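The file model-v1.txt comes next; it holds compact mmCIF, C-alpha atoms.
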# COMPACT_ATOMS: atom_id res chain seq x y z
CA MET Y 20 -98.80 -15.51 66.80
CA ASP Y 21 -95.15 -16.53 66.84
CA GLN Y 22 -94.33 -19.81 65.08
CA LYS Y 23 -92.54 -20.93 68.25
CA GLU Y 24 -95.98 -21.20 69.88
CA PHE Y 25 -97.15 -23.72 67.28
CA ALA Y 26 -93.87 -25.62 67.51
CA ARG Y 27 -94.27 -25.88 71.29
CA ARG Y 28 -97.74 -27.36 70.85
CA ARG Y 29 -96.54 -29.94 68.32
CA LYS Y 30 -93.70 -30.95 70.62
CA GLN Y 31 -96.09 -31.36 73.55
CA LEU Y 32 -98.52 -33.46 71.49
CA MET Y 33 -95.79 -35.72 70.08
CA HIS Y 34 -94.45 -36.28 73.58
CA MET Y 35 -97.91 -37.53 74.60
CA MET Y 36 -98.20 -39.67 71.46
CA GLY Y 37 -94.93 -41.46 72.08
CA PRO Y 38 -92.70 -43.40 69.65
CA GLY Y 39 -94.15 -45.61 66.95
CA SER Y 40 -97.05 -43.25 66.30
CA ILE Y 41 -98.29 -40.89 63.60
CA ALA Y 42 -100.88 -38.10 63.69
CA ILE Y 43 -102.89 -37.05 60.64
CA LEU Y 44 -104.99 -33.89 60.66
CA PRO Y 45 -106.67 -32.34 57.60
CA THR Y 46 -107.98 -28.79 57.53
CA ASN Y 47 -111.54 -27.82 56.61
CA PRO Y 48 -112.69 -28.06 53.00
CA GLU Y 49 -113.87 -24.91 51.25
CA GLN Y 50 -117.64 -24.46 51.47
CA SER Y 51 -119.83 -23.30 48.59
CA ARG Y 52 -122.09 -20.34 49.33
CA ASN Y 53 -123.91 -20.20 46.02
CA ARG Y 54 -123.05 -21.27 42.46
CA ASP Y 55 -119.38 -20.29 41.97
CA VAL Y 56 -118.97 -18.31 45.22
CA ASP Y 57 -117.45 -19.85 48.36
CA PHE Y 58 -117.80 -18.74 51.95
CA PRO Y 59 -114.64 -17.03 53.29
CA PHE Y 60 -112.29 -19.85 54.22
CA ARG Y 61 -111.55 -20.54 57.87
CA PRO Y 62 -109.11 -23.36 58.77
CA ASP Y 63 -110.10 -26.21 61.07
CA SER Y 64 -109.33 -25.10 64.63
CA ASP Y 65 -107.36 -28.21 65.61
CA PHE Y 66 -105.38 -28.06 62.36
CA TYR Y 67 -104.56 -24.38 62.82
CA TYR Y 68 -103.74 -24.89 66.51
CA LEU Y 69 -100.89 -27.23 65.54
CA SER Y 70 -99.72 -25.71 62.26
CA GLY Y 71 -100.58 -22.00 62.09
CA PHE Y 72 -101.33 -22.66 58.41
CA SER Y 73 -104.47 -20.96 57.09
CA GLU Y 74 -104.81 -22.20 53.48
CA PRO Y 75 -107.36 -24.78 52.29
CA GLU Y 76 -106.43 -28.21 50.88
CA ALA Y 77 -103.81 -28.97 53.51
CA VAL Y 78 -102.96 -31.85 55.84
CA THR Y 79 -100.67 -31.81 58.88
CA VAL Y 80 -98.75 -35.02 59.66
CA LEU Y 81 -96.72 -35.50 62.85
CA VAL Y 82 -94.29 -38.43 63.03
CA PRO Y 83 -92.40 -38.54 66.36
CA GLY Y 84 -88.82 -39.69 65.95
CA ARG Y 85 -88.77 -39.52 62.13
CA GLU Y 86 -85.17 -39.11 61.06
CA HIS Y 87 -85.90 -36.62 58.29
CA GLY Y 88 -88.20 -34.43 60.34
CA GLU Y 89 -91.28 -34.87 62.51
CA PHE Y 90 -93.59 -32.10 61.19
CA LEU Y 91 -94.80 -32.63 57.63
CA LEU Y 92 -97.25 -30.45 55.77
CA PHE Y 93 -99.11 -31.31 52.58
CA CYS Y 94 -100.43 -28.19 50.84
CA ARG Y 95 -101.30 -26.73 47.47
CA ASP Y 96 -98.37 -26.27 45.12
CA ARG Y 97 -97.49 -22.83 43.81
CA ASP Y 98 -99.50 -22.02 40.69
CA PRO Y 99 -98.84 -18.59 39.10
CA GLU Y 100 -102.03 -18.66 37.04
CA MET Y 101 -104.33 -19.63 39.94
CA GLU Y 102 -102.59 -17.14 42.21
CA ILE Y 103 -103.51 -14.36 39.77
CA TRP Y 104 -107.17 -15.29 40.21
CA ASN Y 105 -107.40 -16.41 43.83
CA GLY Y 106 -104.41 -15.05 45.74
CA ARG Y 107 -100.96 -16.14 46.82
CA ARG Y 108 -100.07 -19.61 48.06
CA ALA Y 109 -97.25 -20.60 50.36
CA GLY Y 110 -96.46 -23.80 48.47
CA PRO Y 111 -94.24 -26.53 49.95
CA ASP Y 112 -91.22 -24.22 50.10
CA GLY Y 113 -93.21 -21.59 51.97
CA ALA Y 114 -94.56 -24.23 54.34
CA VAL Y 115 -90.97 -24.97 55.37
CA GLN Y 116 -89.64 -21.41 55.37
CA LYS Y 117 -92.61 -19.58 56.91
CA PHE Y 118 -94.47 -22.20 58.92
CA GLY Y 119 -91.64 -24.34 60.29
CA ALA Y 120 -92.45 -27.61 58.53
CA ASP Y 121 -89.53 -30.05 58.53
CA ASP Y 122 -90.70 -31.28 55.16
CA ALA Y 123 -93.56 -30.33 52.84
CA PHE Y 124 -95.14 -31.85 49.76
CA PRO Y 125 -97.81 -30.94 47.22
CA ILE Y 126 -101.24 -32.11 48.37
CA SER Y 127 -101.60 -33.90 45.03
CA ASP Y 128 -98.82 -36.31 46.13
CA ILE Y 129 -100.42 -37.36 49.41
CA ASP Y 130 -101.72 -40.72 48.09
CA ASP Y 131 -98.19 -41.66 47.04
CA ILE Y 132 -96.38 -40.48 50.19
CA LEU Y 133 -98.66 -41.04 53.18
CA PRO Y 134 -98.90 -44.86 52.96
CA GLY Y 135 -95.12 -44.98 53.30
CA LEU Y 136 -95.29 -42.81 56.41
CA LEU Y 137 -97.95 -45.08 57.92
CA GLU Y 138 -95.93 -48.22 57.26
CA SER Y 139 -94.39 -49.73 60.41
CA ARG Y 140 -96.18 -47.25 62.68
CA GLU Y 141 -98.05 -48.91 65.52
CA ARG Y 142 -100.66 -46.23 66.26
CA VAL Y 143 -102.53 -43.68 64.15
CA PHE Y 144 -103.76 -40.59 65.98
CA TYR Y 145 -106.70 -39.40 63.93
CA THR Y 146 -110.20 -38.01 64.61
CA MET Y 147 -112.73 -40.26 62.93
CA GLY Y 148 -116.06 -38.76 61.89
CA ALA Y 149 -115.02 -35.13 61.58
CA ALA Y 150 -114.28 -35.45 57.84
CA PRO Y 151 -116.06 -38.57 56.47
CA ASP Y 152 -114.55 -38.33 52.99
CA PHE Y 153 -111.04 -38.08 54.41
CA ASP Y 154 -111.82 -40.99 56.80
CA LYS Y 155 -112.21 -43.20 53.74
CA ARG Y 156 -108.82 -42.14 52.42
CA VAL Y 157 -107.08 -42.87 55.72
CA ILE Y 158 -108.68 -46.31 55.92
CA GLY Y 159 -107.75 -46.89 52.30
CA TRP Y 160 -104.08 -46.11 52.99
CA VAL Y 161 -104.02 -48.49 55.94
CA ASN Y 162 -105.71 -51.25 53.94
CA LEU Y 163 -103.24 -50.75 51.11
CA ILE Y 164 -100.40 -51.54 53.52
CA ARG Y 165 -102.25 -54.55 54.94
CA LYS Y 166 -102.56 -56.04 51.46
CA GLN Y 167 -98.77 -55.95 51.21
CA SER Y 168 -98.15 -57.87 54.44
CA ARG Y 169 -96.57 -60.77 52.50
CA ALA Y 170 -93.98 -58.31 51.28
CA GLY Y 171 -93.04 -57.62 54.90
CA LYS Y 172 -94.98 -54.39 55.28
CA HIS Y 173 -96.65 -53.75 58.64
CA ALA Y 174 -99.81 -51.67 58.97
CA PRO Y 175 -100.76 -49.79 62.17
CA ASP Y 176 -102.69 -51.92 64.66
CA GLU Y 177 -104.40 -49.14 66.61
CA PHE Y 178 -106.39 -45.98 65.94
CA VAL Y 179 -106.44 -43.36 68.72
CA SER Y 180 -108.73 -40.33 68.84
CA LEU Y 181 -106.52 -37.32 68.17
CA GLU Y 182 -109.10 -34.82 69.40
CA HIS Y 183 -109.01 -36.33 72.90
CA PHE Y 184 -105.43 -35.09 73.28
CA VAL Y 185 -105.63 -31.85 71.27
CA HIS Y 186 -108.84 -30.67 72.90
CA ASP Y 187 -107.42 -31.10 76.38
CA MET Y 188 -104.39 -29.08 75.29
CA ARG Y 189 -106.61 -26.35 73.88
CA LEU Y 190 -108.53 -26.04 77.14
CA TYR Y 191 -105.46 -24.52 78.86
CA LYS Y 192 -104.55 -21.19 77.26
CA SER Y 193 -100.93 -20.08 77.08
CA ARG Y 194 -99.77 -16.50 77.64
CA ALA Y 195 -99.73 -15.96 73.88
CA GLU Y 196 -103.30 -17.21 73.55
CA ILE Y 197 -104.52 -15.09 76.45
CA LYS Y 198 -102.95 -12.02 74.86
CA VAL Y 199 -104.80 -12.67 71.59
CA MET Y 200 -108.09 -13.39 73.40
CA ARG Y 201 -107.75 -10.14 75.35
CA GLN Y 202 -107.27 -8.32 72.05
CA ALA Y 203 -110.38 -10.02 70.63
CA ALA Y 204 -112.35 -8.93 73.70
CA ASN Y 205 -111.11 -5.35 73.40
CA ILE Y 206 -112.10 -5.20 69.73
CA ALA Y 207 -115.60 -6.36 70.64
CA ALA Y 208 -115.68 -3.97 73.61
CA ARG Y 209 -115.13 -0.98 71.32
CA ALA Y 210 -117.95 -2.19 69.11
CA HIS Y 211 -120.39 -2.60 72.01
CA LYS Y 212 -119.61 0.89 73.28
CA ARG Y 213 -120.02 2.28 69.76
CA ALA Y 214 -123.46 0.68 69.51
CA MET Y 215 -124.52 2.17 72.84
CA CYS Y 216 -123.41 5.63 71.73
CA LEU Y 217 -125.17 5.50 68.35
CA CYS Y 218 -128.40 3.67 69.21
CA GLN Y 219 -131.64 5.63 68.96
CA PRO Y 220 -135.32 4.88 68.36
CA GLY Y 221 -136.23 4.30 64.73
CA MET Y 222 -132.97 2.61 63.80
CA MET Y 223 -133.05 -0.90 62.36
CA GLU Y 224 -131.40 -3.79 64.16
CA TYR Y 225 -129.12 -4.34 61.18
CA GLU Y 226 -127.89 -0.76 61.44
CA LEU Y 227 -126.49 -1.53 64.88
CA GLU Y 228 -125.07 -4.78 63.55
CA ALA Y 229 -123.26 -2.74 60.89
CA GLU Y 230 -121.48 -0.77 63.60
CA PHE Y 231 -120.05 -4.04 64.94
CA LEU Y 232 -118.87 -5.06 61.48
CA HIS Y 233 -117.21 -1.65 61.15
CA GLU Y 234 -115.24 -2.02 64.37
CA PHE Y 235 -114.33 -5.66 63.74
CA ARG Y 236 -113.00 -5.07 60.23
CA LYS Y 237 -111.29 -1.83 61.26
CA ALA Y 238 -109.20 -3.89 63.68
CA GLY Y 239 -108.54 -6.67 61.15
CA GLY Y 240 -111.00 -9.02 62.79
CA GLU Y 241 -114.35 -10.48 61.86
CA PRO Y 242 -117.48 -11.73 63.61
CA ALA Y 243 -116.78 -14.82 65.71
CA TYR Y 244 -120.40 -15.86 65.06
CA PRO Y 245 -123.54 -14.29 63.54
CA SER Y 246 -124.31 -11.28 65.71
CA ILE Y 247 -127.58 -11.20 67.66
CA VAL Y 248 -129.24 -7.77 67.72
CA GLY Y 249 -132.71 -8.20 69.20
CA GLY Y 250 -134.94 -5.31 70.17
CA GLY Y 251 -138.07 -5.68 72.29
CA ASP Y 252 -139.66 -9.11 71.97
CA ASN Y 253 -136.80 -10.30 69.72
CA ALA Y 254 -134.52 -10.20 72.78
CA CYS Y 255 -136.54 -13.13 74.15
CA ILE Y 256 -135.41 -15.34 71.24
CA LEU Y 257 -132.10 -16.82 72.38
CA HIS Y 258 -130.52 -17.29 68.94
CA TYR Y 259 -132.25 -14.48 67.06
CA THR Y 260 -130.16 -13.49 64.04
CA GLU Y 261 -132.60 -11.97 61.55
CA ASN Y 262 -131.71 -8.47 62.82
CA ASN Y 263 -134.29 -6.86 60.52
CA ALA Y 264 -136.76 -5.16 62.87
CA GLU Y 265 -137.08 -1.54 63.92
CA LEU Y 266 -135.80 -0.50 67.34
CA ASN Y 267 -138.65 1.12 69.21
CA ASP Y 268 -138.68 3.84 71.86
CA GLY Y 269 -139.18 2.24 75.27
CA ASP Y 270 -137.76 -1.17 74.35
CA LEU Y 271 -134.53 -2.85 75.39
CA VAL Y 272 -132.10 -4.15 72.80
CA LEU Y 273 -129.96 -7.23 73.49
CA ILE Y 274 -126.72 -7.54 71.53
CA ASP Y 275 -124.69 -10.75 71.61
CA ALA Y 276 -121.64 -10.11 69.42
CA GLY Y 277 -118.00 -11.10 69.58
CA ALA Y 278 -114.94 -10.63 67.41
CA GLU Y 279 -112.59 -13.28 66.09
CA HIS Y 280 -108.95 -12.19 66.11
CA GLN Y 281 -106.20 -14.48 64.80
CA CYS Y 282 -108.66 -17.40 65.00
CA TYR Y 283 -109.55 -16.71 68.67
CA ALA Y 284 -113.04 -15.64 69.69
CA SER Y 285 -114.57 -13.20 72.11
CA ASP Y 286 -118.21 -13.61 73.14
CA ILE Y 287 -119.90 -10.63 74.80
CA THR Y 288 -123.54 -9.75 75.44
CA ARG Y 289 -124.91 -6.44 76.61
CA CYS Y 290 -128.46 -5.17 76.96
CA PHE Y 291 -129.49 -1.51 77.04
CA PRO Y 292 -132.54 0.74 76.46
CA VAL Y 293 -133.06 1.95 72.91
CA ASN Y 294 -133.82 5.49 74.17
CA GLY Y 295 -130.98 5.52 76.70
CA ARG Y 296 -133.05 5.24 79.88
CA PHE Y 297 -134.16 2.08 81.68
CA SER Y 298 -137.78 1.92 82.83
CA ALA Y 299 -138.36 0.79 86.41
CA ALA Y 300 -139.35 -2.74 85.30
CA GLN Y 301 -136.43 -3.02 82.86
CA ARG Y 302 -134.01 -1.85 85.52
CA ALA Y 303 -135.33 -4.36 88.07
CA ILE Y 304 -134.83 -7.32 85.69
CA TYR Y 305 -131.49 -6.00 84.45
CA GLU Y 306 -130.05 -5.53 87.93
CA LEU Y 307 -131.24 -8.99 88.95
CA VAL Y 308 -129.34 -10.51 86.02
CA LEU Y 309 -126.32 -8.35 86.82
CA ASP Y 310 -126.37 -9.51 90.46
CA ALA Y 311 -126.54 -13.11 89.24
CA GLN Y 312 -123.58 -12.53 86.95
CA ARG Y 313 -121.54 -10.99 89.75
CA ALA Y 314 -122.22 -14.02 91.94
CA ALA Y 315 -121.32 -16.39 89.10
CA ILE Y 316 -118.05 -14.59 88.33
CA GLU Y 317 -117.08 -14.68 92.01
CA ALA Y 318 -117.44 -18.47 91.82
CA VAL Y 319 -114.72 -18.65 89.14
CA TYR Y 320 -111.48 -19.62 90.85
CA PRO Y 321 -109.03 -22.55 90.82
CA GLY Y 322 -110.34 -25.58 92.67
CA ASN Y 323 -113.99 -24.72 92.24
CA ASN Y 324 -115.97 -26.90 89.83
CA TRP Y 325 -117.36 -25.99 86.43
CA ASN Y 326 -120.98 -25.99 87.63
CA ALA Y 327 -120.39 -23.65 90.60
CA PRO Y 328 -120.93 -20.39 88.64
CA HIS Y 329 -124.22 -21.73 87.27
CA GLU Y 330 -125.40 -22.75 90.73
CA ALA Y 331 -124.51 -19.30 92.08
CA ALA Y 332 -126.44 -17.57 89.29
CA VAL Y 333 -129.48 -19.80 89.73
CA LYS Y 334 -129.68 -19.02 93.46
CA VAL Y 335 -129.60 -15.26 92.88
CA ILE Y 336 -132.05 -15.38 89.98
CA THR Y 337 -134.56 -17.61 91.79
CA ARG Y 338 -134.55 -15.47 94.93
CA GLY Y 339 -134.88 -12.34 92.82
CA LEU Y 340 -137.80 -13.74 90.82
CA VAL Y 341 -139.59 -14.55 94.08
CA LYS Y 342 -138.95 -11.04 95.37
CA LEU Y 343 -140.36 -9.53 92.16
CA GLY Y 344 -143.41 -11.79 92.28
CA LEU Y 345 -142.58 -13.68 89.09
CA LEU Y 346 -142.18 -16.95 91.01
CA LYS Y 347 -144.00 -18.02 94.16
CA GLY Y 348 -142.72 -20.43 96.79
CA ARG Y 349 -139.58 -21.17 98.77
CA PRO Y 350 -136.43 -20.49 96.75
CA ALA Y 351 -134.81 -23.81 97.77
CA THR Y 352 -137.85 -25.75 96.56
CA LEU Y 353 -138.11 -23.73 93.35
CA ILE Y 354 -134.44 -24.39 92.60
CA LYS Y 355 -134.90 -28.10 93.18
CA GLU Y 356 -137.92 -28.07 90.85
CA GLN Y 357 -136.00 -25.91 88.33
CA ALA Y 358 -138.91 -23.48 88.25
CA TYR Y 359 -136.53 -20.72 87.15
CA GLN Y 360 -136.20 -22.40 83.75
CA ARG Y 361 -139.44 -20.78 82.69
CA PHE Y 362 -137.51 -17.51 82.44
CA TYR Y 363 -133.89 -18.73 82.46
CA MET Y 364 -133.64 -21.76 80.20
CA HIS Y 365 -129.92 -21.97 79.37
CA ARG Y 366 -126.77 -22.57 81.36
CA THR Y 367 -124.48 -19.84 82.64
CA GLY Y 368 -121.52 -20.34 80.33
CA HIS Y 369 -119.28 -22.41 78.08
CA TRP Y 370 -115.60 -22.79 77.29
CA LEU Y 371 -114.18 -20.11 75.00
CA GLY Y 372 -111.14 -20.14 72.73
CA MET Y 373 -110.57 -20.81 69.05
CA ASP Y 374 -114.20 -21.89 68.82
CA VAL Y 375 -116.94 -19.81 70.39
CA HIS Y 376 -118.28 -22.90 72.13
CA ASP Y 377 -114.79 -24.19 72.62
CA VAL Y 378 -113.58 -27.74 73.10
CA GLY Y 379 -112.95 -29.43 76.44
CA ASP Y 380 -114.91 -31.80 78.65
CA TYR Y 381 -117.27 -30.29 81.20
CA LYS Y 382 -117.24 -33.44 83.28
CA VAL Y 383 -114.45 -35.86 84.15
CA GLY Y 384 -116.17 -39.15 84.81
CA ASP Y 385 -119.34 -38.29 86.71
CA GLU Y 386 -117.92 -35.17 88.36
CA TRP Y 387 -117.95 -31.59 87.11
CA ARG Y 388 -114.51 -30.54 85.93
CA VAL Y 389 -112.37 -28.58 88.37
CA LEU Y 390 -111.45 -25.08 87.19
CA GLU Y 391 -107.72 -24.53 86.67
CA PRO Y 392 -105.55 -21.55 85.68
CA GLY Y 393 -105.52 -20.91 81.94
CA MET Y 394 -109.11 -21.98 81.30
CA VAL Y 395 -111.38 -19.36 79.75
CA LEU Y 396 -115.16 -19.48 80.03
CA THR Y 397 -118.12 -17.21 79.45
CA VAL Y 398 -120.41 -16.15 82.28
CA GLU Y 399 -123.82 -15.26 80.87
CA PRO Y 400 -126.97 -15.48 83.00
CA GLY Y 401 -130.18 -14.11 81.52
CA LEU Y 402 -133.92 -13.65 81.93
CA TYR Y 403 -136.45 -13.73 79.11
CA ILE Y 404 -140.08 -12.78 79.70
CA ALA Y 405 -142.13 -13.14 76.53
CA ALA Y 406 -145.37 -11.27 75.95
CA GLY Y 407 -148.41 -13.21 77.07
CA SER Y 408 -146.55 -15.15 79.76
CA LYS Y 409 -149.28 -16.69 81.91
CA GLY Y 410 -149.62 -15.13 85.32
CA VAL Y 411 -147.05 -12.41 84.57
CA ALA Y 412 -147.96 -8.73 84.81
CA ARG Y 413 -147.84 -6.86 81.51
CA LYS Y 414 -145.10 -4.51 82.75
CA TRP Y 415 -142.62 -7.41 82.56
CA TRP Y 416 -143.54 -8.50 79.02
CA ASP Y 417 -140.96 -8.35 76.21
CA ILE Y 418 -138.05 -7.85 78.58
CA GLY Y 419 -135.10 -10.00 77.54
CA VAL Y 420 -131.78 -9.49 79.34
CA ARG Y 421 -128.50 -11.38 79.08
CA ILE Y 422 -125.17 -10.10 80.36
CA GLU Y 423 -122.12 -12.03 79.17
CA ASP Y 424 -118.41 -11.65 79.82
CA ASP Y 425 -115.28 -13.64 78.99
CA VAL Y 426 -113.51 -14.80 82.15
CA LEU Y 427 -110.01 -16.23 82.55
CA VAL Y 428 -109.25 -18.50 85.48
CA THR Y 429 -106.05 -17.21 87.12
CA ARG Y 430 -103.86 -18.60 89.88
CA SER Y 431 -105.58 -16.39 92.47
CA GLY Y 432 -109.10 -16.17 91.05
CA TYR Y 433 -110.34 -14.67 87.81
CA ASP Y 434 -109.69 -11.95 85.24
CA VAL Y 435 -112.59 -10.57 83.17
CA LEU Y 436 -111.13 -10.18 79.69
CA SER Y 437 -114.16 -8.19 78.50
CA LYS Y 438 -114.22 -5.74 81.43
CA ASN Y 439 -113.95 -2.72 79.13
CA VAL Y 440 -117.64 -2.96 78.19
CA PRO Y 441 -119.89 -0.98 80.56
CA LYS Y 442 -122.61 -2.97 82.32
CA GLN Y 443 -123.66 -0.90 85.34
CA VAL Y 444 -126.97 0.86 84.73
CA ASP Y 445 -125.56 4.32 85.53
CA GLU Y 446 -122.53 3.70 83.26
CA ILE Y 447 -124.72 2.66 80.34
CA GLU Y 448 -127.11 5.58 80.72
CA ALA Y 449 -124.22 8.04 81.01
CA LEU Y 450 -122.53 6.66 77.89
CA MET Y 451 -125.74 6.74 75.88
CA ALA Y 452 -126.44 10.31 77.00

Take the structure in the file and give it back as structure tokens.
Amino acid sequence: MDQKEFARRRKQLMHMMGPGSIAILPTNPEQSRNRDVDFPFRPDSDFYYLSGFSEPEAVTVLVPGREHGEFLLFCRDRDPEMEIWNGRRAGPDGAVQKFGADDAFPISDIDDILPGLLESRERVFYTMGAAPDFDKRVIGWVNLIRKQSRAGKHAPDEFVSLEHFVHDMRLYKSRAEIKVMRQAANIAARAHKRAMCLCQPGMMEYELEAEFLHEFRKAGGEPAYPSIVGGGDNACILHYTENNAELNDGDLVLIDAGAEHQCYASDITRCFPVNGRFSAAQRAIYELVLDAQRAAIEAVYPGNNWNAPHEAAVKVITRGLVKLGLLKGRPATLIKEQAYQRFYMHRTGHWLGMDVHDVGDYKVGDEWRVLEPGMVLTVEPGLYIAAGSKGVARKWWDIGVRIEDDVLVTRSGYDVLSKNVPKQVDEIEALMA
């Protein structure tokens, strides 16, 4: 993504902060996997959103109106020996030249420099609680200035939650972000189609998962979250990630897998028969979920509220369950009693962006948030009928179906970013054949 995009975001945030303020934002720490092996590093989303900087041990500081530059970056210094072992570093010079920092300093100097930047600032924009160890350092810097009040130094009087501002910014995707998210969806789409083409009875769930890893890495991406590959009864476990069972002839397999591309996620779920042909019962449940998803997607447009797609899906699912004999009663009453939750126990979507469950309020005050152009959400109704469900005919047992797409709110309605993944029954069966 072009550095101008990050500069635009910083400018917008500093305009909202106003004069006399300072923002401090550290990235994530490295996380140990086992003994002397770390997990692959991934920068904090808010930090990366404003800086575009992807190295660990870094802190972004924004100081509106500072004479010598408003965007400061603290990062690791160049170290030829460590770079031989662990890879190249940008260093302070690289932070200025490649990432647009007005000034940059070694992270080891932050205790000496940051108190001076805080001095005489009225407000500190900082997210307390996200990094407890760093919280203590920020408070320590402020207290250090307070102790020098007799020397004429003035400490900030007010702390303001930085995430309140950044998360609202992140909720509205720019053209550049939408382009990257579309690419992430297309990478995942190729992987889902590959899995449909290669699936056959006797395979292991992890073999299908491997096909997703192949497509993600081939495109320079990676999993946005641990992939769910659940065959048969495993499809009825919402967050199943063991992926270690055999795929049996006659079962459905549910795959919830998305790619992360340039720190932006896709989140797609498809469900298909292991042997390539839906049984009558599987098809009935699948098409009910698909009808619910269609209704939910049609409810995505500017001016409608966040909860409208969920309400649309619930109506279709409840009526369909009554028609199939899985629920008994008047649909309106069953909806009011939330009887559908026996088989549909989650909501119909979430915000999507740099995080899979992305930031942004779902309610403003007591009211559901109004959908606006630039927002991206998932639409993912499902039905899960576990074996042994009381009062449910055996033909419905072990059928778990979820259909999930990534949907952009546009000026005139919606755009399904993940539309390149087949989801019509005839399309799926034809592809698998």

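The smallest atom-to-atom distance between Asn162 (chain Y) and any of Y:Glu446, Y:Ile129, Y:Asp176, Y:Phe60, using all atoms listed in the file, is found for Y:Asp176.
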
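The shell of residues at most 8 Å from Tyr244 (chain Y), with all atoms listed in the file counted and near chain neighbours (fewer than 2 positions) removed, consists of Pro242, Ser246, Ala276, Gly277, Ala278 and Val375 of chain Y.
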
Kindly export the residues of the current selection with C-alpha atoms, as an mmCIF file, in the frame of the given file.
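Writing the result to part_23.cif gives the following:
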data_model
loop_
_atom_site.group_PDB
_atom_site.id
_atom_site.type_symbol
_atom_site.label_atom_id
_atom_site.label_comp_id
_atom_site.auth_asym_id
_atom_site.auth_seq_id
_atom_site.Cartn_x
_atom_site.Cartn_y
_atom_site.Cartn_z
ATOM 1 C CA PRO Y 242 -117.480 -11.730 63.610
ATOM 2 C CA SER Y 246 -124.310 -11.280 65.710
ATOM 3 C CA ALA Y 276 -121.640 -10.110 69.420
ATOM 4 C CA GLY Y 277 -118.000 -11.100 69.580
ATOM 5 C CA ALA Y 278 -114.940 -10.630 67.410
ATOM 6 C CA VAL Y 375 -116.940 -19.810 70.390
#

Can you report as AutoDock Vina command-line options the centre and edge lengths in Å, to one decimal, of an axis-aligned box around the listed atoms of region 66-79 of chain Y padded with 4 Å on each side?
--center_x -103.5 --center_y -26.4 --center_z 58.7 --size_x 15.6 --size_y 18.9 --size_z 23.6

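Nearest-residue note for Pro392 (chain Y): choosing from Y:Pro321, Y:Pro220, Y:Gly135, Y:Pro125, the minimum distance belongs to Y:Pro321, counting all atoms listed in the file.
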
* To do: Using all atoms listed in the file, determine which residues lie at most 8 Å from region 94-109 of chain Y, disregarding the query and same-chain residues fewer than 2 positions distant; provide the list as a PyMOL selection string.
  => chain Y and resi 74-78+92+111-114+123-127
